[in-house]
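The file query26.cif contains mmCIF, C-alpha atoms and all ligand atoms:
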```cif
data_target
loop_
_atom_site.label_atom_id
_atom_site.label_comp_id
_atom_site.auth_asym_id
_atom_site.auth_seq_id
_atom_site.Cartn_x
_atom_site.Cartn_y
_atom_site.Cartn_z
CA MET A 37 0.00 0.00 0.00
CA SER A 38 1.48 3.35 -1.00
CA THR A 39 1.08 6.08 1.61
CA GLY A 40 4.24 8.14 1.08
CA PHE A 41 5.21 6.92 4.53
CA GLY A 42 8.86 6.24 5.33
CA PHE A 43 11.17 5.59 8.26
CA ASP A 44 14.96 5.53 8.19
CA VAL A 45 17.13 4.56 11.13
CA MET A 46 20.24 6.72 10.75
CA ALA A 47 22.13 5.67 13.87
CA ARG A 48 21.90 3.12 16.68
CA ASP A 49 23.42 3.15 20.13
CA GLY A 50 22.61 -0.02 22.04
CA ARG A 51 18.84 -0.42 21.63
CA ALA A 52 18.34 3.34 21.12
CA ARG A 53 17.62 4.49 17.56
CA ARG A 54 18.06 7.85 15.86
CA GLY A 55 15.56 7.97 13.01
CA ARG A 56 13.70 10.10 10.54
CA LEU A 57 9.98 9.60 9.97
CA ARG A 58 8.46 10.85 6.71
CA LEU A 59 4.75 11.70 6.85
CA ALA A 60 2.37 13.42 4.44
CA HIS A 61 2.93 16.87 6.00
CA GLY A 62 6.63 16.67 6.77
CA VAL A 63 9.53 14.95 8.48
CA VAL A 64 9.78 14.05 12.17
CA ASP A 65 13.20 13.47 13.73
CA THR A 66 13.05 10.60 16.21
CA PRO A 67 13.08 9.87 19.08
CA ALA A 68 10.32 12.48 19.22
CA PHE A 69 7.80 13.81 21.70
CA MET A 70 4.34 14.74 20.40
CA PRO A 71 2.62 17.58 22.29
CA VAL A 72 -1.01 16.74 23.03
CA GLY A 73 -3.63 18.93 21.34
CA THR A 74 -6.68 16.80 22.14
CA ARG A 75 -9.29 19.12 20.66
CA GLY A 76 -7.10 20.51 17.88
CA ALA A 77 -5.21 22.87 20.19
CA VAL A 78 -2.45 22.52 22.76
CA LYS A 79 -4.10 24.10 25.80
CA ALA A 80 -2.89 27.67 26.51
CA LEU A 81 -0.73 27.90 23.36
CA THR A 82 -1.27 29.32 19.87
CA MET A 83 -0.10 27.33 16.85
CA ALA A 84 2.59 29.99 16.26
CA GLN A 85 3.92 29.40 19.80
CA LEU A 86 3.88 25.62 19.32
CA HIS A 87 5.77 26.04 16.05
CA ASP A 88 8.37 28.33 17.63
CA LEU A 89 9.00 25.75 20.37
CA GLY A 90 10.20 23.40 17.62
CA ALA A 91 7.48 20.74 17.74
CA ASP A 92 7.56 18.57 14.59
CA ILE A 93 4.22 16.84 15.15
CA MET A 94 1.06 17.36 17.21
CA LEU A 95 -1.36 14.78 18.57
CA ALA A 96 -5.13 15.30 18.36
CA ASN A 97 -7.99 13.06 19.44
CA ALA A 98 -10.49 11.60 16.97
CA TYR A 99 -13.10 10.91 19.69
CA HIS A 100 -13.17 14.52 20.93
CA LEU A 101 -13.16 16.02 17.42
CA HIS A 102 -15.89 13.58 16.29
CA LEU A 103 -18.16 14.84 19.08
CA ARG A 104 -17.19 18.49 18.61
CA PRO A 105 -17.08 20.14 16.08
CA GLY A 106 -17.65 16.86 14.14
CA ASP A 107 -15.39 15.24 11.56
CA ASP A 108 -17.76 16.29 8.75
CA ALA A 109 -17.26 19.93 9.74
CA VAL A 110 -13.47 19.47 9.83
CA ALA A 111 -13.55 17.74 6.41
CA ARG A 112 -15.59 20.62 4.95
CA ALA A 113 -12.88 23.00 6.23
CA GLY A 114 -10.28 20.97 4.28
CA GLY A 115 -9.09 18.73 7.12
CA LEU A 116 -7.36 19.36 10.44
CA HIS A 117 -4.35 21.14 8.96
CA ALA A 118 -6.45 23.75 7.17
CA PHE A 119 -8.92 23.98 10.06
CA THR A 120 -6.32 24.47 12.84
CA GLY A 121 -3.58 26.29 10.93
CA TRP A 122 -1.00 23.65 11.97
CA ALA A 123 0.91 22.79 8.79
CA LYS A 124 3.18 20.06 10.20
CA PRO A 125 2.24 16.41 10.80
CA ILE A 126 -0.70 15.46 13.04
CA LEU A 127 -1.33 12.05 14.66
CA THR A 128 -4.89 11.29 15.71
CA ASP A 129 -5.49 8.93 18.59
CA SER A 130 -8.58 6.81 17.98
CA GLY A 131 -10.36 7.61 21.23
CA GLY A 132 -10.28 4.03 22.48
CA PHE A 133 -8.64 5.17 25.69
CA GLN A 134 -11.28 7.89 26.22
CA VAL A 135 -14.22 5.59 25.46
CA PHE A 136 -12.99 2.86 27.78
CA SER A 137 -12.46 5.44 30.52
CA LEU A 138 -16.25 6.05 30.46
CA ALA A 139 -16.85 3.20 32.91
CA GLY A 140 -20.55 2.57 33.40
CA ARG A 141 -21.54 4.68 30.39
CA ARG A 142 -20.52 2.30 27.61
CA THR A 143 -21.32 -1.16 26.24
CA VAL A 144 -18.68 -3.16 24.40
CA SER A 145 -19.38 -5.89 21.87
CA ASP A 146 -17.41 -7.35 19.01
CA GLU A 147 -19.24 -4.93 16.72
CA GLY A 148 -17.88 -1.91 18.60
CA VAL A 149 -18.74 0.38 21.48
CA VAL A 150 -21.99 2.17 22.29
CA PHE A 151 -21.54 5.01 24.75
CA GLN A 152 -22.97 8.24 26.07
CA SER A 153 -21.34 11.45 24.85
CA HIS A 154 -19.55 13.20 27.70
CA LEU A 155 -20.83 16.50 26.23
CA ASP A 156 -24.59 16.04 26.05
CA GLY A 157 -25.34 12.45 27.11
CA SER A 158 -26.51 11.46 23.61
CA ALA A 159 -26.06 7.83 22.53
CA ARG A 160 -23.10 7.29 20.20
CA ALA A 161 -21.48 4.29 18.57
CA LEU A 162 -17.92 3.69 17.38
CA SER A 163 -16.54 0.72 15.48
CA PRO A 164 -13.11 -0.05 13.99
CA GLU A 165 -14.50 0.97 10.59
CA SER A 166 -16.23 4.18 11.68
CA VAL A 167 -13.12 5.33 13.56
CA ALA A 168 -11.06 4.82 10.36
CA ASP A 169 -13.65 6.89 8.47
CA ILE A 170 -13.57 9.65 11.11
CA GLN A 171 -9.78 9.88 10.94
CA SER A 172 -9.85 9.96 7.13
CA ARG A 173 -12.25 12.93 7.27
CA LEU A 174 -10.03 14.63 9.88
CA GLY A 175 -7.10 14.21 7.50
CA SER A 176 -4.40 13.41 10.05
CA ASP A 177 -1.00 12.13 8.87
CA VAL A 178 -1.24 9.12 11.19
CA ALA A 179 -4.45 7.34 12.21
CA MET A 180 -4.36 5.01 15.22
CA VAL A 181 -6.54 1.89 15.14
CA PHE A 182 -9.50 1.63 17.53
CA ASP A 183 -8.40 -0.63 20.39
CA GLU A 184 -9.81 -1.92 23.66
CA CYS A 185 -7.79 -0.53 26.54
CA THR A 186 -7.62 -2.15 29.96
CA ALA A 187 -6.94 -0.43 33.26
CA TRP A 188 -4.19 -1.56 35.63
CA PRO A 189 -4.21 -3.81 37.55
CA VAL A 190 -6.38 -6.15 35.47
CA GLU A 191 -7.19 -9.86 35.65
CA ARG A 192 -5.32 -11.93 33.10
CA GLU A 193 -8.54 -13.26 31.55
CA GLN A 194 -9.88 -9.76 31.00
CA ALA A 195 -6.56 -8.54 29.55
CA ALA A 196 -6.50 -11.52 27.16
CA ALA A 197 -10.08 -10.93 26.00
CA ALA A 198 -9.45 -7.21 25.36
CA MET A 199 -6.19 -7.98 23.53
CA ARG A 200 -7.86 -10.56 21.27
CA ARG A 201 -10.76 -8.23 20.52
CA THR A 202 -8.21 -5.53 19.66
CA LEU A 203 -6.65 -7.99 17.17
CA ARG A 204 -10.01 -8.71 15.52
CA TRP A 205 -10.66 -4.98 15.34
CA ALA A 206 -7.17 -4.36 13.89
CA ARG A 207 -7.98 -6.56 10.87
CA ARG A 208 -11.26 -4.72 10.27
CA ALA A 209 -9.64 -1.30 10.76
CA ARG A 210 -6.90 -2.21 8.27
CA ASP A 211 -9.40 -3.48 5.69
CA ARG A 212 -11.42 -0.27 5.98
CA PHE A 213 -8.24 1.87 5.80
CA ALA A 214 -7.17 -0.03 2.66
CA ALA A 215 -10.59 0.54 1.06
CA ILE A 216 -10.42 4.28 1.76
CA SER A 217 -6.77 4.60 0.65
CA SER A 218 -7.37 2.78 -2.62
CA GLY A 219 -10.42 4.87 -3.54
CA ARG A 220 -12.95 2.08 -2.93
CA ALA A 221 -14.84 4.22 -0.40
CA PRO A 222 -15.31 7.49 -2.32
CA GLU A 223 -18.09 8.57 0.05
CA VAL A 224 -15.47 9.18 2.80
CA ALA A 225 -13.66 12.54 2.49
CA ARG A 226 -9.88 12.16 2.34
CA PRO A 227 -8.16 15.55 2.77
CA THR A 228 -4.77 13.85 3.42
CA PRO A 229 -4.26 11.17 0.71
CA GLY A 230 -0.97 9.97 2.23
CA GLN A 231 -2.41 9.06 5.64
CA ALA A 232 -0.65 6.18 7.47
CA GLN A 233 -2.24 3.80 9.99
CA PHE A 234 -0.53 2.47 13.12
CA GLY A 235 -1.48 -0.77 14.87
CA ILE A 236 -1.58 -1.04 18.68
CA VAL A 237 -0.16 -3.89 20.76
CA GLN A 238 -2.10 -4.66 23.96
CA GLY A 239 -1.80 -7.35 26.65
CA SER A 240 -1.29 -5.29 29.82
CA THR A 241 1.70 -6.46 31.86
CA PHE A 242 1.49 -10.14 30.82
CA LYS A 243 4.47 -10.91 28.59
CA ASP A 244 2.92 -13.92 26.86
CA LEU A 245 -0.18 -11.85 26.02
CA ARG A 246 2.08 -9.12 24.64
CA ASP A 247 3.83 -11.78 22.50
CA GLU A 248 0.49 -13.01 21.14
CA SER A 249 -0.57 -9.42 20.44
CA VAL A 250 2.68 -8.59 18.62
CA ALA A 251 2.38 -11.67 16.40
CA GLY A 252 -1.25 -10.96 15.55
CA THR A 253 -0.71 -7.24 14.89
CA LEU A 254 2.31 -7.94 12.67
CA ALA A 255 0.23 -10.49 10.75
CA VAL A 256 -2.27 -7.74 9.91
CA GLY A 257 0.58 -5.38 9.00
CA PHE A 258 0.72 -1.60 9.58
CA GLU A 259 3.07 1.26 8.72
CA ALA A 260 4.17 1.31 12.38
CA TYR A 261 3.34 -0.16 15.78
CA ALA A 262 2.31 1.38 19.07
CA ILE A 263 2.49 -0.09 22.55
CA GLY A 264 -0.79 0.66 24.32
CA GLY A 265 -2.08 -0.17 27.77
CA LEU A 266 0.99 1.09 29.63
CA SER A 267 1.47 4.29 31.64
CA VAL A 268 -1.91 3.57 33.26
CA GLY A 269 -0.73 3.32 36.87
CA GLU A 270 1.72 0.41 36.85
CA PRO A 271 5.12 0.94 38.54
CA PRO A 272 7.74 2.59 36.25
CA GLU A 273 10.02 -0.47 36.33
CA VAL A 274 7.16 -2.65 35.08
CA MET A 275 6.41 -0.17 32.28
CA TYR A 276 10.08 -0.13 31.20
CA ASP A 277 10.28 -3.92 31.29
CA ILE A 278 7.09 -4.53 29.26
CA ALA A 279 7.90 -1.71 26.79
CA GLY A 280 11.39 -3.14 26.20
CA HIS A 281 10.13 -6.71 25.95
CA THR A 282 7.54 -5.64 23.35
CA ALA A 283 9.83 -3.28 21.40
CA ASP A 284 12.41 -6.06 20.99
CA GLN A 285 9.89 -8.09 18.97
CA LEU A 286 8.72 -5.28 16.69
CA PRO A 287 10.30 -4.83 13.23
CA ALA A 288 13.57 -2.89 13.22
CA THR A 289 12.38 -1.05 10.12
CA ALA A 290 9.20 0.46 11.66
CA PRO A 291 8.76 3.22 14.27
CA ARG A 292 7.71 2.18 17.77
CA TYR A 293 5.35 4.43 19.73
CA LEU A 294 4.88 4.12 23.51
CA MET A 295 1.45 5.66 24.08
CA GLY A 296 0.83 8.01 26.99
CA ALA A 297 4.32 8.05 28.58
CA GLY A 298 5.51 9.83 30.61
CA MET A 299 7.78 11.77 32.96
CA PRO A 300 11.08 13.07 31.48
CA ASN A 301 13.00 10.19 33.06
CA ASP A 302 10.50 7.71 31.53
CA LEU A 303 11.29 9.06 28.05
CA VAL A 304 15.04 8.57 28.55
CA GLU A 305 14.54 5.06 29.94
CA ALA A 306 12.18 4.05 27.11
CA VAL A 307 14.46 5.38 24.35
CA GLY A 308 17.13 3.11 25.83
CA ARG A 309 14.73 0.21 25.23
CA GLY A 310 14.10 1.01 21.56
CA ILE A 311 11.11 3.43 21.64
CA ASP A 312 10.92 6.20 18.97
CA LEU A 313 7.69 8.14 19.65
CA PHE A 314 5.98 9.51 22.74
CA ASP A 315 2.97 11.57 23.77
CA CYS A 316 1.84 12.66 27.21
CA VAL A 317 -0.39 15.26 28.83
CA LEU A 318 2.01 15.77 31.76
CA PRO A 319 4.05 18.76 30.47
CA THR A 320 0.93 20.70 29.50
CA ARG A 321 -1.50 19.60 32.25
CA ASN A 322 1.07 19.98 35.01
CA ALA A 323 2.04 23.43 33.68
CA ARG A 324 -1.53 24.56 34.24
CA ASN A 325 -1.32 23.18 37.79
CA GLY A 326 1.91 25.08 38.49
CA GLN A 327 4.46 22.28 38.11
CA LEU A 328 7.56 23.18 36.11
CA PHE A 329 10.09 20.60 34.91
CA THR A 330 13.77 21.46 35.37
CA ARG A 331 17.08 19.69 34.85
CA ASP A 332 17.15 19.22 38.62
CA GLY A 333 13.66 17.72 38.82
CA PRO A 334 10.18 19.24 38.93
CA ILE A 335 9.29 22.26 41.07
CA SER A 336 5.92 23.59 42.20
CA ILE A 337 5.86 27.29 41.39
CA LYS A 338 3.09 27.78 43.97
CA ASN A 339 5.56 27.18 46.78
CA ALA A 340 6.13 30.25 49.01
CA ARG A 341 9.89 29.71 48.75
CA TYR A 342 9.78 31.11 45.18
CA ALA A 343 8.13 34.43 46.15
CA GLY A 344 11.51 36.17 46.31
CA ASP A 345 13.36 34.03 43.75
CA ASP A 346 14.75 36.24 40.96
CA GLY A 347 16.15 33.30 38.97
CA PRO A 348 14.48 31.70 35.93
CA PRO A 349 12.65 28.37 36.35
CA ASP A 350 15.72 26.56 34.93
CA ALA A 351 19.03 28.46 34.71
CA GLU A 352 20.13 26.54 31.59
CA CYS A 353 16.82 26.67 29.73
CA GLN A 354 16.68 28.72 26.52
CA CYS A 355 12.88 28.96 26.31
CA PRO A 356 11.08 32.34 26.00
CA THR A 357 9.73 32.01 29.56
CA CYS A 358 13.13 31.45 31.15
CA ARG A 359 14.80 34.16 29.05
CA SER A 360 12.36 36.83 30.27
CA HIS A 361 10.81 35.84 33.60
CA SER A 362 11.73 34.96 37.16
CA ARG A 363 10.27 32.27 39.40
CA ALA A 364 8.92 35.10 41.59
CA TYR A 365 6.96 36.60 38.68
CA LEU A 366 5.65 33.21 37.51
CA ARG A 367 4.53 32.44 41.08
CA HIS A 368 2.76 35.79 41.24
CA LEU A 369 0.95 35.15 37.92
CA PHE A 370 -0.13 31.70 39.10
CA MET A 371 -1.36 32.90 42.52
CA ALA A 372 -3.21 35.82 40.89
CA GLY A 373 -4.92 33.49 38.41
CA GLU A 374 -3.54 35.31 35.37
CA MET A 375 -4.13 33.49 32.06
CA SER A 376 -0.53 34.10 31.00
CA ALA A 377 0.61 31.81 33.84
CA ALA A 378 -0.73 28.81 31.88
CA THR A 379 0.84 30.04 28.64
CA LEU A 380 4.29 30.75 30.09
CA ASN A 381 4.39 27.54 32.16
CA THR A 382 3.23 25.41 29.21
CA ALA A 383 5.82 26.95 26.87
CA HIS A 384 8.57 26.17 29.37
CA ASN A 385 7.47 22.58 30.04
CA LEU A 386 7.04 21.72 26.36
CA HIS A 387 10.40 23.29 25.57
CA PHE A 388 11.90 21.17 28.33
CA TYR A 389 10.43 17.96 26.85
CA LEU A 390 11.36 18.86 23.26
CA ASP A 391 14.87 19.85 24.35
CA THR A 392 15.26 16.55 26.22
CA MET A 393 14.47 14.78 22.93
CA ARG A 394 17.02 16.96 21.06
CA GLN A 395 19.68 15.99 23.63
CA ILE A 396 18.70 12.31 23.29
CA ARG A 397 18.98 12.44 19.48
CA LYS A 398 22.41 14.09 19.66
CA ALA A 399 23.64 11.57 22.23
CA ILE A 400 22.59 8.64 19.99
CA GLU A 401 24.30 10.26 16.97
CA PHE A 402 27.52 10.62 18.95
CA GLY A 403 27.26 7.10 20.38
CA ILE A 404 27.21 8.38 23.97
CA PHE A 405 23.59 7.60 24.89
CA GLU A 406 24.44 5.49 27.97
CA ASP A 407 26.63 8.26 29.42
CA PHE A 408 23.98 10.86 28.62
CA LYS A 409 21.27 8.72 30.20
CA HIS A 410 23.13 8.27 33.47
CA ALA A 411 24.07 11.96 33.73
CA TYR A 412 20.51 13.08 32.88
CA LEU A 413 18.81 10.68 35.30
CA ASP A 414 21.31 11.31 38.09
CA ARG A 415 20.73 15.05 37.97
CA TYR A 416 16.96 14.88 37.32
CA THR A 417 16.20 12.50 40.19
CA ARG A 418 18.81 13.60 42.76
CA ARG A 419 16.62 16.11 44.59
CA ALA A 420 13.30 15.39 42.94
CA HIS A 421 11.48 14.72 46.19
CA SER A 422 13.24 17.18 48.45
CA LEU A 423 13.01 20.61 46.85
CA THR A 424 9.61 20.79 45.23
ZN ZN A 501 12.36 27.48 30.22
#
```

Here is the file; what I need is its structure written in the form of structure tokens.
Ligand SMILES: [Zn+2]
Amino acid sequence: MSTGFGFDVMARDGRARRGRLRLAHGVVDTPAFMPVGTRGAVKALTMAQLHDLGADIMLANAYHLHLRPGDDAVARAGGLHAFTGWAKPILTDSGGFQVFSLAGRRTVSDEGVVFQSHLDGSARALSPESVADIQSRLGSDVAMVFDECTAWPVEREQAAAAMRRTLRWARRARDRFAAISSGRAPEVARPTPGQAQFGIVQGSTFKDLRDESVAGTLAVGFEAYAIGGLSVGEPPEVMYDIAGHTADQLPATAPRYLMGAGMPNDLVEAVGRGIDLFDCVLPTRNARNGQLFTRDGPISIKNARYAGDDGPPDAECQCPTCRSHSRAYLRHLFMAGEMSAATLNTAHNLHFYLDTMRQIRKAIEFGIFEDFKHAYLDRYTRRAHSLT
């Protein structure tokens, strides 16, 4: 299937890979972090600000955009890129995670999921096919398959059932994607002809279920593979172990995406286990709650100790917030409820994440990733729990 999709691994250092991902709307240097713009916007930032921070790709959510403003409305506007003004690549998550979080307000069958809209309570239905159609109309560069997510901890039987249903859905999602891509479904708008589709490996923290999921997902065949069902409350060491175990079995020629992770130290650990792509709400959500990431660990800008602190959030950070503003001023903005507090904190945190990925890529190119990893983690975690 021709999608214009491509992935080149330019350098390796241990299990870490330095790659370049080609998508319909541009190139993404990997390992990469994707800022989360659930509803077609990264909260508190304009697209110009997101661009200036150096983000190569943004994540949006098909479930949220389907409910509001509706994928038909986005398609009429020419797709997400035209609608939002973001010209670089966009990955749309399917909404599986959101739907399965609606405990008590959804019914799952092999056909799909029937649920109540979180906006107005209306009855809605999603299937592997309809989610592929929605993402075609949205015109993202990458469409994720609709999967069944499990919480953690979960009984083995339940994890196995959800994983096997995800496999059956993967086949249907791929068939529908192929029909749309080859012009056999002309009724579905297709603003981005070169859209790619990623499969998702499930199986919770059971290694043999992960193995079964990898084999089944590879048998269907996708442009790339994501590891879902992690970063849902399990201990970090378990997440690293399962992510590494799964990544080792995925094709060396395809990108590997660890969904929903994580803290800065999680990104460094996962890159060392062969992961190429990340997304997480932590840098943006925590910014709005007053938590700023620094090279010496996170700080809470609300803390009274920063009231007289003339220094920037992070003395080595080159972001617009750190170049112009002190911790004392940022604390004042936060305590006063000024809107710019969210903007300035979000810009800093996203810059911190994107800069961490730039340092990771450079370290892999120079073949010094292990040294970088130990220095980064040592400094980041040394006082993490003492000075916040
Ligand atoms: Zn900064």

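As for atom CA of Ser137 of chain A and atom CA of Ser249 of chain A, they are spaced 21.5 Å apart.
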
Give me, as a tab-separated table, each residue of chain A that comes within 6 Å of ligand ZN 501 (chain A), together with its shortest interatomic pair and the distance in Å at one decimal, counting all atoms listed in the file, with rows ordered by chain and rising residue number.
```
residue	atom	partner	partner_atom	distance
A:Asp350	CA	A:ZN501	ZN	5.9
A:Cys353	CA	A:ZN501	ZN	4.6
A:Gln354	CA	A:ZN501	ZN	5.8
A:Cys355	CA	A:ZN501	ZN	4.2
A:Thr357	CA	A:ZN501	ZN	5.3
A:Cys358	CA	A:ZN501	ZN	4.1
A:His384	CA	A:ZN501	ZN	4.1
```

Wanna dump the segment 283-363 of chain A-segment 42-56 of chain A contacts at 10 Å for me, each residue with its shortest atom pair and the distance in Å to one decimal, counting all atoms listed in the file, ordered by chain and number, as a tab-separated table?
```
residue	atom	partner	partner_atom	distance
A:Ala283	CA	A:Arg51	CA	9.5
A:Asp284	CA	A:Arg51	CA	8.6
A:Ala288	CA	A:Val45	CA	8.5
A:Thr289	CA	A:Phe43	CA	7.0
A:Ala290	CA	A:Phe43	CA	6.5
A:Pro291	CA	A:Phe43	CA	6.9
A:Val304	CA	A:Ala52	CA	9.7
A:Glu305	CA	A:Ala52	CA	9.8
A:Ala306	CA	A:Ala52	CA	8.6
A:Val307	CA	A:Ala52	CA	5.4
A:Gly308	CA	A:Ala52	CA	4.9
A:Arg309	CA	A:Arg51	CA	5.5
A:Gly310	CA	A:Ala52	CA	4.9
A:Ile311	CA	A:Ala52	CA	7.2
A:Asp312	CA	A:Arg53	CA	7.1
```

**OP:** Might you pull out every residue within 12 Å of Gln194 of chain A, with all atoms listed in the file counted and same-chain residues fewer than 2 positions away left off, and present them as a PyMOL selection string?
**Re:** chain A and resi 184-192+196-201+238-240+242+245

**OP:** Check the smallest atom-to-atom distance from each of A:Lys124, A:Arg415, A:Arg246, A:His100 to Arg331 of chain A using all atoms listed in the file, then report the winner.
**Re:** A:Arg415
